[in-house]
Amino acid sequence: MIISQLPVLQVILPLAAAPLCAILHHRILAWALTLLVSLISLCFSYMLLNQVLIEDTITYAMGGWVAPWGIEYYIDKLTAYMLLIVNGITVLVLLGAREIVESDIASDRIYLFYTAFLLNLTGLLGVITTGDAFNLFVFIEIASLSSYAMISLGRDKRSLYAAFKYLIFGTVGASFILISVGLLYVVTGTLNIADLSQQLTNTENTPTITTAFVFFIIGIGIKAAIFPLHLWLPDAYTYSPSIVSTFLAGTTTKVFIYVLIRFIYSLYGYEFSFFTESFHYLLMLSASGAILYGSYLAIKQDSLKRILAYSSIAQIGYMVLGIALITELGLMASLVHILNHAFIKVGLFLAVTAIIYSYNTDSIEKLAGIAKTSPFIFALFIISGLSLIGAPLTSGFISKWYLIKASLEADYWIFVSIIVISSVMAIIYIGRIIETAYFKPSVKQTATLDLDKKRPYLLFLSLVVISFINIYFGIETSLNVDMASQIANELINK
Amino acid sequence: MDILSSFNYWVVIILMMIGFYIIIANNNLVKKIIGINIFQTSIFIMFISMGKVVDGTAPILNDLNTLYSSPLPHVLILTAIVVGISTTALGLAIIIRIHTAFGTIEDDKIQQEIK
């Protein structure tokens, strides 16, 4: 019985818990409720994955109205894969969140933070599950609006300006998506994504369809921070509360990359997307720009979170590159990297969160020699850092391996060199942090351990789990790589 | 197709560009939000215009009419208006807090202070 309701439960559960969280009005209860909801949601998404592996696709007609008239929730392997990533990240982030949130956010606003968090989760899960183009827009806005609110909760007053900037960018992006949905509706008279794709293959290509495509790509490009539409991202990640940056870095951009893949492969079909418009050259250019420019700026930053923010822009470039290669292997590499990078970046951000929490500083210069006082955090930071660089036996190596393989297969030697150069740059910016913390002697301005604060043991636990995942996916790849190659195969050969 | 037959769409394009220009060029944060509102309104008009069928009436089932305009865009736009209002409300709330924190809502002055 419950199996048939699973798709909608993914969305309903956090949505129903959000007002409950506001009513509870208690900081610890709100945290416990949010964690409980995300755990249940994770179990549901695991059940969905198992179900999808048997049945291939699950559809759920909202309110009993059958598609294409009603809103349909559509689950295939790609959906289940993304649901599992987002729910997994959410559980790991929330597990360690309690102490950090209490120190980062004013105590009378904490329950509201968890309400916004649940709404954001609703939006993200909704974006993944929905099979309706307009519903997609609504969920994108639910996710975005709650993330503006969460970013503005930072103690640093610059977080307000960062949130506002993100709001302007994000709203323009969402409006572009709305225009695109409208134009598609004009041409086809339907909003259901599966139906849309069928109608589009039957109609002749008109300027309206191309315009809708361009609007959508730009809109989703802003939301996913695809270079050069990434300008909101560094400030939003740097000044927001640490837990928020961790969560956004692990989920939001990945979900929007998922929307991009869904749109290119499931809705328009990749023949249209790539071959009629030479669109993939544009994506390649954007990806190379993101990889080089993001890595270069990451080297130049002084703030830990800013380094990771610029590195995120570069890593989004990798995912876009995989899509732009228009091969099955490229798409697979992209999907593998979505999973691996989600865990790598969350690992790094959680380690940085622990550092900021314990030392009250975000600046590299003040970290000289502190690895001696917190060896544990830095050891875990190194594991995720190596994974980001792409050292063998870590998950980052697997993604880069498949990306390079895909570039070679598609005869683009240039991307191999770009990937290698950016890996060297990653060694520089991650190495700089490690060198300062381990090898520089502590000086007068070195930060000291804040002994007044409780030790965030649960945060350490989730850090350990993430480091384990980062190594596990570097050694035993059958889980994610097999899944990703199946998904890529289905998307390309549909 | 002459200009007058697609009059609505010209209005949409002009409004959209005005809104977009305000978002980019104006220095005042509240005016940026107004720009966003104009921008979104133009999209709403576009949707509503799309739903109109020439000589069609409201979709009420009776014996007199057989030709109806499409009601779906209206429903979509009702939702989009709600989203737009939430965005405006959140934007204005953030502006109030920016004003308390920085003492100004001029973009260039805030950027100076951040640097």
# chains A, B, ... in the order shown; residues from 1 in each chain; ligands from 1
$ interface_residues --of "chain B" --to "chain A" --cutoff "9 Å" --atoms "only C-alpha atoms" --output "ChimeraX atom specification"
/B:20,23,29,32-33,36,39-40,43,46-47,50-51,73,76,79-80,83-84,86-87,90-91,94-95,97-98,101-102,110-111,114
$ residues_around --residues "A:Pro68" --least-positions-apart "3" --cutoff "8 Å" --atoms "only C-alpha atoms" --output "list in words"
Ile71, Glu72, Thr190, Leu191, Asn192 and Asp195 of chain A
$ write_last_selection --atoms "C-alpha atoms" --output "PDB file, in the first residue's frame"
ATOM      1  CA  ILE A  71       0.137  16.588 -12.418  1.00  0.00           C
ATOM      2  CA  GLU A  72       2.205  13.449 -12.634  1.00  0.00           C
ATOM      3  CA  THR A 190       0.684  20.283 -22.649  1.00  0.00           C
ATOM      4  CA  LEU A 191       2.777  20.667 -19.534  1.00  0.00           C
ATOM      5  CA  ASN A 192       3.560  17.036 -18.808  1.00  0.00           C
ATOM      6  CA  ASP A 195       3.944  14.227 -23.181  1.00  0.00           C
TER       7      ASP A 195
END
$ closest_residue --among "A:Ala290, A:Leu248, A:Ala133, A:Ala212" --to "A:His230" --atoms "only C-alpha atoms"
A:Ala290
$ atom_distance --atom1 "atom CA of A:Ser245" --atom2 "atom CA of A:Gln315"
15.6 Å
$ select_by_dssp --residues "stretch 195-373 of chain A" --states "alpha helix (DSSP H)" --output "MDAnalysis selection string"
chainID A and resid 195:202 207:223 233:239 242:250 252:261 270 279:300 304:324 328:359
$ residues_around --residues "A:Ile75" --least-positions-apart "6" --cutoff "8 Å" --atoms "only C-alpha atoms" --output "PyMOL selection string"
chain A and resi 7+52+57-59+129
